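Text of the file input21.cif, holding mmCIF, C-alpha atoms:
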```cif
data_entry
loop_
_atom_site.label_atom_id
_atom_site.label_comp_id
_atom_site.auth_asym_id
_atom_site.auth_seq_id
_atom_site.Cartn_x
_atom_site.Cartn_y
_atom_site.Cartn_z
CA MET R 1 0.00 0.00 0.00
CA ASP R 2 1.50 3.37 -1.02
CA ILE R 3 1.82 6.32 1.35
CA MET R 4 -1.32 8.17 0.27
CA SER R 5 -3.46 5.02 0.33
CA GLN R 6 -2.39 4.59 3.95
CA ILE R 7 -3.25 8.23 4.71
CA TYR R 8 -6.69 7.99 3.09
CA GLU R 9 -7.46 4.79 4.99
CA LYS R 10 -6.51 6.42 8.28
CA ALA R 11 -8.59 9.54 7.49
CA ARG R 12 -11.67 7.43 6.66
CA SER R 13 -11.34 5.49 9.91
CA ASN R 14 -12.10 8.62 11.98
CA PRO R 15 -13.26 11.60 9.88
CA GLN R 16 -12.25 14.95 11.36
CA ARG R 17 -13.96 18.35 11.11
CA VAL R 18 -11.96 20.52 8.72
CA ALA R 19 -12.73 24.25 8.41
CA PHE R 20 -12.43 25.78 4.94
CA SER R 21 -12.46 29.56 4.57
CA GLU R 22 -11.85 29.94 0.82
CA CYS R 23 -15.17 28.37 -0.06
CA THR R 24 -16.03 30.29 -3.21
CA GLU R 25 -12.90 28.95 -4.94
CA THR R 26 -13.81 26.20 -7.40
CA LYS R 27 -10.76 24.04 -6.65
CA ILE R 28 -11.47 24.14 -2.92
CA LEU R 29 -15.08 23.13 -3.51
CA GLN R 30 -14.00 20.34 -5.86
CA ALA R 31 -11.56 19.07 -3.22
CA VAL R 32 -14.27 19.24 -0.56
CA GLN R 33 -16.65 17.30 -2.80
CA GLU R 34 -14.05 14.58 -3.41
CA CYS R 35 -13.34 14.36 0.33
CA LEU R 36 -17.09 13.97 0.95
CA ASP R 37 -17.44 11.33 -1.75
CA ARG R 38 -14.56 9.34 -0.25
CA GLY R 39 -15.67 9.80 3.37
CA LEU R 40 -12.38 11.38 4.43
CA ILE R 41 -13.56 14.33 6.54
CA VAL R 42 -16.50 16.37 7.77
CA PRO R 43 -16.05 19.69 5.94
CA VAL R 44 -17.09 22.91 7.71
CA LEU R 45 -17.55 25.66 5.12
CA VAL R 46 -16.94 29.08 6.66
CA GLY R 47 -18.41 32.13 4.95
CA ASP R 48 -21.66 33.32 3.42
CA PRO R 49 -23.71 30.15 2.73
CA ALA R 50 -25.59 31.79 -0.16
CA GLN R 51 -22.34 32.68 -1.93
CA ILE R 52 -20.82 29.26 -1.25
CA LYS R 53 -23.88 27.41 -2.56
CA GLU R 54 -23.95 29.65 -5.64
CA ALA R 55 -20.28 28.86 -6.35
CA ALA R 56 -20.91 25.15 -5.79
CA ALA R 57 -23.90 25.13 -8.14
CA ALA R 58 -21.88 26.91 -10.82
CA ALA R 59 -19.27 24.14 -10.52
CA GLY R 60 -21.94 21.42 -10.64
CA LEU R 61 -21.31 20.32 -7.04
CA GLY R 62 -23.86 19.31 -4.42
CA LEU R 63 -21.75 19.28 -1.23
CA ASP R 64 -24.24 16.98 0.53
CA GLY R 65 -22.96 16.33 4.04
CA ALA R 66 -21.01 19.56 4.39
CA VAL R 67 -21.61 21.77 7.43
CA PHE R 68 -21.89 25.56 7.08
CA PHE R 69 -20.77 28.23 9.52
CA ASP R 70 -22.47 31.46 8.53
CA THR R 71 -20.17 34.46 8.97
CA THR R 72 -23.05 36.80 8.09
CA ASP R 73 -24.98 35.67 11.19
CA GLU R 74 -24.04 38.49 13.58
CA PRO R 75 -25.39 36.89 16.79
CA ALA R 76 -23.49 33.66 16.02
CA MET R 77 -20.33 35.63 15.29
CA ASP R 78 -20.66 37.66 18.50
CA LYS R 79 -21.11 34.45 20.47
CA LEU R 80 -18.03 32.92 18.85
CA ILE R 81 -15.88 35.99 19.52
CA ASN R 82 -17.05 36.24 23.14
CA ALA R 83 -16.26 32.57 23.71
CA TYR R 84 -12.76 33.14 22.38
CA LEU R 85 -12.27 36.24 24.54
CA GLU R 86 -13.04 34.14 27.62
CA ARG R 87 -9.88 32.18 26.80
CA SER R 88 -7.62 34.88 25.38
CA GLN R 89 -7.39 38.65 25.87
CA VAL R 90 -4.64 39.20 23.28
CA LEU R 91 -7.09 40.83 20.89
CA SER R 92 -10.10 43.04 21.61
CA ALA R 93 -13.65 42.26 20.52
CA LYS R 94 -13.45 45.22 18.15
CA SER R 95 -10.28 43.91 16.52
CA LEU R 96 -11.67 40.38 16.17
CA LYS R 97 -14.90 41.68 14.63
CA ARG R 98 -12.90 43.71 12.13
CA LYS R 99 -10.66 40.79 11.19
CA THR R 100 -13.44 38.19 10.91
CA LYS R 101 -15.60 40.54 8.85
CA ALA R 102 -12.73 41.17 6.44
CA ASP R 103 -11.58 37.56 6.11
CA PRO R 104 -13.36 34.24 6.90
CA MET R 105 -9.97 32.65 7.59
CA PHE R 106 -9.93 34.37 10.99
CA THR R 107 -13.35 32.90 11.77
CA ALA R 108 -12.03 29.45 10.83
CA MET R 109 -9.08 30.00 13.18
CA LEU R 110 -11.46 30.96 16.01
CA LEU R 111 -13.44 27.77 15.43
CA LEU R 112 -10.17 25.83 15.59
CA ALA R 113 -8.94 27.57 18.74
CA LEU R 114 -12.26 26.76 20.45
CA ASP R 115 -12.21 23.11 19.30
CA ARG R 116 -15.34 23.59 17.20
CA VAL R 117 -13.31 22.08 14.35
CA ASP R 118 -10.25 19.81 14.36
CA CYS R 119 -8.12 21.60 11.76
CA SER R 120 -8.23 24.54 9.36
CA PHE R 121 -7.32 24.55 5.68
CA ALA R 122 -6.39 27.58 3.55
CA GLY R 123 -3.75 28.76 1.11
CA LEU R 124 -5.34 28.81 -2.32
CA VAL R 125 -6.07 32.54 -1.99
CA HIS R 126 -3.92 33.35 1.03
CA THR R 127 -0.14 33.22 1.08
CA THR R 128 1.70 30.89 3.43
CA GLY R 129 2.63 34.00 5.42
CA ASP R 130 -1.04 34.94 5.74
CA VAL R 131 -1.93 31.49 7.08
CA ILE R 132 0.99 31.43 9.52
CA SER R 133 0.24 34.94 10.76
CA ALA R 134 -3.43 34.13 11.42
CA GLY R 135 -2.50 30.82 13.04
CA ASN R 136 0.05 32.52 15.30
CA LEU R 137 -2.37 35.26 16.28
CA ILE R 138 -5.50 33.20 16.95
CA VAL R 139 -4.43 29.61 17.58
CA GLY R 140 -0.91 30.07 18.94
CA LEU R 141 2.08 27.78 19.09
CA LYS R 142 2.33 24.52 20.98
CA GLN R 143 3.91 24.85 24.42
CA GLY R 144 7.70 24.87 24.12
CA VAL R 145 7.71 25.59 20.38
CA VAL R 146 9.52 28.80 19.41
CA THR R 147 8.69 28.94 15.70
CA PRO R 148 6.20 27.55 13.21
CA SER R 149 7.88 25.45 10.54
CA SER R 150 7.13 22.81 7.93
CA ILE R 151 7.82 19.20 7.11
CA GLY R 152 7.35 16.99 4.07
CA ILE R 153 7.67 13.35 3.12
CA PHE R 154 9.86 12.07 0.26
CA ASP R 155 9.09 8.82 -1.55
CA ILE R 156 12.50 8.16 -3.10
CA PRO R 157 12.93 5.37 -5.66
CA GLY R 158 15.90 3.22 -4.65
CA HIS R 159 16.20 4.53 -1.10
CA GLU R 160 16.29 1.74 1.47
CA GLY R 161 15.90 3.27 4.89
CA PRO R 162 14.11 2.27 8.10
CA GLU R 163 10.80 3.20 6.45
CA GLY R 164 11.60 1.74 3.04
CA SER R 165 11.65 4.42 0.36
CA LEU R 166 10.15 7.09 2.63
CA LEU R 167 12.10 9.90 4.30
CA ALA R 168 10.78 12.96 6.15
CA PHE R 169 12.45 16.36 5.70
CA GLY R 170 12.15 19.86 7.12
CA ASP R 171 12.13 22.79 7.05
CA SER R 172 12.04 23.62 3.34
CA ALA R 173 9.37 26.32 3.28
CA VAL R 174 9.02 28.53 6.36
CA CYS R 175 12.17 29.31 8.40
CA THR R 176 14.82 30.90 6.22
CA ASN R 177 17.84 30.88 8.53
CA PRO R 178 16.84 29.36 11.87
CA SER R 179 18.78 30.06 15.04
CA PRO R 180 19.94 27.09 17.15
CA GLU R 181 16.80 27.46 19.29
CA GLU R 182 14.58 27.53 16.22
CA LEU R 183 16.39 24.60 14.61
CA ALA R 184 15.89 22.55 17.78
CA SER R 185 12.21 23.51 17.77
CA ILE R 186 11.89 22.42 14.12
CA ALA R 187 13.45 19.05 14.92
CA ILE R 188 11.15 18.44 17.88
CA SER R 189 8.07 19.48 15.88
CA ALA R 190 9.15 17.22 13.02
CA CYS R 191 9.36 14.23 15.37
CA ASN R 192 5.86 14.96 16.66
CA THR R 193 4.43 15.41 13.16
CA VAL R 194 5.93 12.20 11.80
CA LYS R 195 4.66 10.25 14.79
CA GLU R 196 1.14 11.64 14.28
CA LEU R 197 1.08 11.17 10.53
CA MET R 198 3.02 7.97 9.91
CA ASP R 199 3.23 6.19 13.30
CA TRP R 200 7.00 5.95 12.92
CA GLU R 201 9.48 5.94 15.78
CA PRO R 202 11.22 9.23 14.91
CA ARG R 203 14.98 9.07 14.26
CA CYS R 204 15.90 12.67 13.55
CA ALA R 205 19.25 13.80 12.08
CA LEU R 206 20.30 17.45 11.94
CA LEU R 207 22.36 17.95 8.80
CA SER R 208 25.53 19.92 8.16
CA TYR R 209 28.56 19.76 5.87
CA SER R 210 30.33 18.28 8.90
CA THR R 211 29.95 14.95 10.70
CA ASP R 212 30.77 14.88 14.40
CA GLY R 213 33.38 17.63 14.25
CA SER R 214 34.98 16.80 10.91
CA ALA R 215 34.82 20.56 10.20
CA GLU R 216 34.59 23.64 12.38
CA SER R 217 32.75 26.87 11.63
CA GLU R 218 29.87 29.00 12.89
CA MET R 219 27.52 27.07 10.58
CA VAL R 220 28.53 23.78 12.21
CA ASP R 221 28.32 25.31 15.68
CA LYS R 222 24.71 26.31 15.02
CA VAL R 223 23.68 22.74 14.19
CA ARG R 224 25.66 21.29 17.09
CA GLU R 225 24.02 23.71 19.54
CA ALA R 226 20.57 22.90 18.12
CA VAL R 227 21.16 19.20 18.83
CA ARG R 228 22.14 20.02 22.41
CA ILE R 229 19.03 22.16 22.95
CA ALA R 230 16.68 19.60 21.39
CA ARG R 231 18.07 16.79 23.54
CA GLU R 232 17.81 18.91 26.66
CA GLN R 233 14.19 19.79 25.93
CA ARG R 234 13.10 16.34 24.73
CA PRO R 235 15.44 13.63 26.01
CA ASP R 236 12.78 11.06 25.09
CA LEU R 237 13.29 11.69 21.37
CA LEU R 238 16.04 10.24 19.16
CA ILE R 239 17.65 13.43 17.83
CA ASP R 240 21.33 13.47 16.82
CA GLY R 241 23.93 15.28 14.73
CA GLU R 242 25.71 17.11 13.32
CA PHE R 243 25.75 14.70 10.36
CA GLN R 244 26.43 14.92 6.66
CA LEU R 245 23.53 13.51 4.65
CA ASP R 246 25.23 10.21 3.84
CA ALA R 247 26.23 9.67 7.47
CA ALA R 248 22.61 10.25 8.46
CA ILE R 249 20.98 7.75 6.10
CA VAL R 250 23.60 5.22 4.91
CA PRO R 251 24.62 2.64 7.57
CA SER R 252 27.99 1.82 5.97
CA VAL R 253 28.97 5.50 5.82
CA ALA R 254 27.80 6.08 9.39
CA ALA R 255 29.94 3.16 10.55
CA LYS R 256 33.03 4.89 9.13
CA LYS R 257 32.28 8.49 10.07
CA VAL R 258 30.47 8.26 13.42
CA LYS R 259 32.86 6.82 16.02
CA ARG R 260 30.34 6.56 18.85
CA GLU R 261 27.01 4.96 19.66
CA SER R 262 24.08 6.57 17.86
CA ALA R 263 20.52 5.36 17.39
CA VAL R 264 20.14 7.82 14.50
CA ALA R 265 23.35 7.74 12.41
CA GLY R 266 22.80 5.72 9.24
CA ARG R 267 19.18 5.07 10.23
CA ALA R 268 17.53 8.49 10.17
CA ASN R 269 13.94 8.67 8.96
CA ILE R 270 13.81 12.46 9.44
CA ILE R 271 16.42 14.91 8.17
CA ILE R 272 16.52 18.56 9.23
CA TRP R 273 18.15 21.07 6.89
CA PRO R 274 20.35 23.77 8.49
CA ASP R 275 18.57 26.51 6.53
CA ILE R 276 16.08 27.05 3.73
CA ASN R 277 18.83 27.31 1.08
CA ALA R 278 19.86 23.71 1.75
CA GLY R 279 16.22 22.67 2.11
CA ASN R 280 14.99 24.14 -1.16
CA ILE R 281 17.98 22.83 -3.12
CA GLY R 282 17.81 19.42 -1.46
CA VAL R 283 14.13 18.93 -2.26
CA LYS R 284 14.60 19.89 -5.90
CA LEU R 285 17.70 17.71 -6.33
CA VAL R 286 15.88 14.65 -5.05
CA GLN R 287 12.83 15.40 -7.18
CA GLN R 288 14.79 16.07 -10.37
CA PHE R 289 17.47 13.38 -10.23
CA ALA R 290 15.90 10.65 -8.09
CA HIS R 291 12.38 11.33 -9.45
CA ALA R 292 11.09 11.37 -5.88
CA ASP R 293 7.55 12.31 -4.98
CA ALA R 294 7.35 14.97 -2.26
CA TYR R 295 4.26 15.24 -0.05
CA GLY R 296 3.78 18.53 1.78
CA PRO R 297 4.94 20.91 3.04
CA LEU R 298 2.83 20.54 6.17
CA LEU R 299 2.81 23.39 8.68
CA GLN R 300 3.74 22.36 12.21
CA GLY R 301 4.36 23.86 15.63
CA PHE R 302 0.85 25.22 16.25
CA SER R 303 -1.22 24.09 19.23
CA LYS R 304 -3.84 22.84 16.74
CA ILE R 305 -3.55 21.64 13.15
CA VAL R 306 -3.21 24.63 10.82
CA CYS R 307 -2.89 23.57 7.18
CA ASP R 308 -1.58 25.54 4.22
CA CYS R 309 -1.49 24.59 0.55
CA SER R 310 0.21 25.73 -2.63
CA ARG R 311 -1.81 28.22 -4.66
CA SER R 312 -0.98 26.25 -7.81
CA ALA R 313 -1.92 22.88 -6.32
CA PRO R 314 -4.20 20.62 -8.39
CA VAL R 315 -7.33 19.20 -6.77
CA SER R 316 -5.68 15.81 -6.22
CA GLU R 317 -2.89 17.45 -4.19
CA LEU R 318 -5.39 19.47 -2.17
CA VAL R 319 -7.26 16.28 -1.27
CA GLY R 320 -4.00 14.66 -0.18
CA ASN R 321 -3.05 17.64 1.98
CA ILE R 322 -6.52 17.72 3.55
CA ALA R 323 -6.32 14.01 4.38
CA MET R 324 -2.87 14.41 5.94
CA ALA R 325 -4.13 17.29 8.09
CA ALA R 326 -7.09 15.19 9.20
CA VAL R 327 -4.89 12.25 10.18
CA ARG R 328 -2.69 14.51 12.26
CA ALA R 329 -5.79 15.96 13.93
CA GLN R 330 -6.87 12.47 15.02
CA HIS R 331 -3.99 12.51 17.52
CA ARG R 332 -5.22 15.77 19.07
CA GLU R 333 -8.56 14.40 20.30
#
```
What does the file become when written as structure tokens?
Amino acid sequence: MDIMSQIYEKARSNPQRVAFSECTETKILQAVQECLDRGLIVPVLVGDPAQIKEAAAAAGLGLDGAVFFDTTDEPAMDKLINAYLERSQVLSAKSLKRKTKADPMFTAMLLLALDRVDCSFAGLVHTTGDVISAGNLIVGLKQGVVTPSSIGIFDIPGHEGPEGSLLAFGDSAVCTNPSPEELASIAISACNTVKELMDWEPRCALLSYSTDGSAESEMVDKVREAVRIAREQRPDLLIDGEFQLDAAIVPSVAAKKVKRESAVAGRANIIIWPDINAGNIGVKLVQQFAHADAYGPLLQGFSKIVCDCSRSAPVSELVGNIAMAAVRAQHRE
């Protein structure tokens, strides 16, 4: 069974409530319809129901089984905002009313923060920065996390690792040049995400151009310090480094380069790039030359599941991202 078949099966086993705030976009509605047809989720469509139904009818979609949250219902919106203000005083009622009136994504985030839905999904109209900003403001980060970040899954032909051809990677999309504290936070979040999504025992390697002191520079020091911080914060997780890529994933190379005991060296199922330069280049190299499929990026680090998507994503990719978000949300119940 391939990776996405496993994800879809898990999503169907316990459908989660997913809030959509870009509900007049045809591709979003098509993805919602496919999710309904396949029994993957319970979609919650946030916005003006009349406009959403009009857009759905124009696309030839029925959306039977979808739930609507009407942002034009002022008493319902006031009740939602007041319930949120009982938990958080970061924003005023006036500010929340202004934001939710201008953009349904903020209403979706309120529903998520109050556990009225299990995850939120946006990104076809909004930028990744928009989604992260709203998630930070309304939902907030998980305790101990210092930065939101992202993770993806490679399916690499010919790779023979602990999880077969699969390898998780992060962060390739959000943090441009993470500090040691941020890099440690990314590694910890990646372990949590992989556990939620794939049920793996995380073995997380922080990458560098150096393996265990084979080179010295500020760039190496950053990775080394991140490993120390991550281990201090989460001694229960298998996080190690600094490793070159081959020392992280090839047992024979690890045996030569890593002259100490390590549960990660040569057996990593998660790799953490030192910065977004390495991450972006690494992803594209593996896609172009190894013809790998890359699933994601998935946002992580928030106290609830906040999901972003590429604005150029086809409907099939949107459905996959929605299913992955739903599976992760199953672990938050």
Q.
On this structure, the PyMOL selection byres ((chain R and resi 146) around 8) would catch which residues? List them as a list in words, sorted by chain and number.
A.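 Selected by the PyMOL selection byres ((chain R and resi 146) around 8) in this file: Leu141, Gly144, Val145, Thr147, Pro148, Glu181, Glu182 and Ser185 of chain R.
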Q.
Using all atoms listed in the file for the distances, tell me which of R:Ala66, R:Ala230, R:Ala278, R:Ala187 is nearest to R:Cys204.
A.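 Among R:Ala66, R:Ala230, R:Ala278, R:Ala187, it is R:Ala187 that comes nearest to R:Cys204.
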Counting all atoms listed in the file, which residues come within 8 Å of (-0.8, 25.0, 13.5), with the point read in the file's coordinates, and could you list them as an mmCIF file with C-alpha atoms, keeping the file's coordinate frame?
```
data_model
loop_
_atom_site.group_PDB
_atom_site.id
_atom_site.type_symbol
_atom_site.label_atom_id
_atom_site.label_comp_id
_atom_site.auth_asym_id
_atom_site.auth_seq_id
_atom_site.Cartn_x
_atom_site.Cartn_y
_atom_site.Cartn_z
ATOM 1 C CA ILE R 132 0.990 31.430 9.520
ATOM 2 C CA GLY R 135 -2.500 30.820 13.040
ATOM 3 C CA ASN R 136 0.050 32.520 15.300
ATOM 4 C CA VAL R 139 -4.430 29.610 17.580
ATOM 5 C CA GLY R 140 -0.910 30.070 18.940
ATOM 6 C CA LEU R 141 2.080 27.780 19.090
ATOM 7 C CA PRO R 148 6.200 27.550 13.210
ATOM 8 C CA LEU R 299 2.810 23.390 8.680
ATOM 9 C CA GLN R 300 3.740 22.360 12.210
ATOM 10 C CA GLY R 301 4.360 23.860 15.630
ATOM 11 C CA PHE R 302 0.850 25.220 16.250
ATOM 12 C CA SER R 303 -1.220 24.090 19.230
ATOM 13 C CA LYS R 304 -3.840 22.840 16.740
ATOM 14 C CA ILE R 305 -3.550 21.640 13.150
ATOM 15 C CA VAL R 306 -3.210 24.630 10.820
ATOM 16 C CA CYS R 307 -2.890 23.570 7.180
#
```
Q) Counting all atoms listed in the file, which of R:Leu40, R:Ala19, R:Val117, R:Leu85 gets nearest to R:Met105? A)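 Among the listed residues, the smallest separation from R:Met105 belongs to R:Ala19.
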What are the nearest atom pairs, with distances in Å to one decimal, for all residues of stretch 105-157 of chain R that come at most 10 Å from stretch 26-37 of chain R, using only C-alpha atoms, set out by chain and rising residue number as a Markdown table?
```
| residue | atom | partner | partner_atom | distance |
| --- | --- | --- | --- | --- |
| R:Phe121 | CA | R:Ile28 | CA | 9.6 |
| R:Ala122 | CA | R:Ile28 | CA | 8.9 |
| R:Gly123 | CA | R:Ile28 | CA | 9.9 |
| R:Leu124 | CA | R:Ile28 | CA | 7.7 |
```
Please reconstruct the missing atoms of stretch 237-256 of chain R (target: N, CA and C atoms) and return them as a compact mmCIF listing (two decimals), in the coordinates of the input.
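Below is the file out-v1.txt, written as the result:
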```
# COMPACT_ATOMS: atom_id res chain seq x y z
N LEU R 237 13.25 11.82 22.82
CA LEU R 237 13.29 11.69 21.37
C LEU R 237 14.70 11.33 20.89
N LEU R 238 14.76 10.59 19.77
CA LEU R 238 16.04 10.24 19.16
C LEU R 238 16.42 11.33 18.17
N ILE R 239 17.20 12.30 18.64
CA ILE R 239 17.65 13.43 17.83
C ILE R 239 19.17 13.48 17.93
N ASP R 240 19.86 13.54 16.79
CA ASP R 240 21.33 13.47 16.82
C ASP R 240 21.91 14.28 15.67
N GLY R 241 23.20 14.52 15.73
CA GLY R 241 23.93 15.28 14.73
C GLY R 241 25.16 15.90 15.38
N GLU R 242 25.97 16.72 14.70
CA GLU R 242 25.71 17.11 13.32
C GLU R 242 26.20 16.02 12.37
N PHE R 243 25.42 15.73 11.32
CA PHE R 243 25.75 14.70 10.36
C PHE R 243 25.70 15.24 8.93
N GLN R 244 26.62 14.77 8.10
CA GLN R 244 26.43 14.92 6.66
C GLN R 244 25.29 13.99 6.23
N LEU R 245 24.71 14.27 5.08
CA LEU R 245 23.53 13.51 4.65
C LEU R 245 23.82 12.01 4.58
N ASP R 246 24.97 11.64 3.98
CA ASP R 246 25.23 10.21 3.84
C ASP R 246 25.43 9.53 5.19
N ALA R 247 26.05 10.24 6.13
CA ALA R 247 26.23 9.67 7.47
C ALA R 247 24.90 9.52 8.20
N ALA R 248 23.92 10.32 7.82
CA ALA R 248 22.61 10.25 8.46
C ALA R 248 21.77 9.08 7.97
N ILE R 249 21.92 8.72 6.67
CA ILE R 249 20.98 7.75 6.10
C ILE R 249 21.61 6.49 5.54
N VAL R 250 22.94 6.40 5.48
CA VAL R 250 23.60 5.22 4.91
C VAL R 250 24.38 4.51 6.02
N PRO R 251 23.96 3.32 6.44
CA PRO R 251 24.62 2.64 7.57
C PRO R 251 26.11 2.44 7.37
N SER R 252 26.56 2.07 6.18
CA SER R 252 27.99 1.82 5.97
C SER R 252 28.81 3.09 6.11
N VAL R 253 28.26 4.22 5.67
CA VAL R 253 28.97 5.50 5.82
C VAL R 253 28.99 5.92 7.29
N ALA R 254 27.86 5.74 7.97
CA ALA R 254 27.80 6.08 9.39
C ALA R 254 28.82 5.28 10.19
N ALA R 255 28.99 4.01 9.83
CA ALA R 255 29.94 3.16 10.55
C ALA R 255 31.37 3.69 10.45
N LYS R 256 31.69 4.34 9.33
CA LYS R 256 33.03 4.89 9.13
C LYS R 256 33.19 6.28 9.76
```
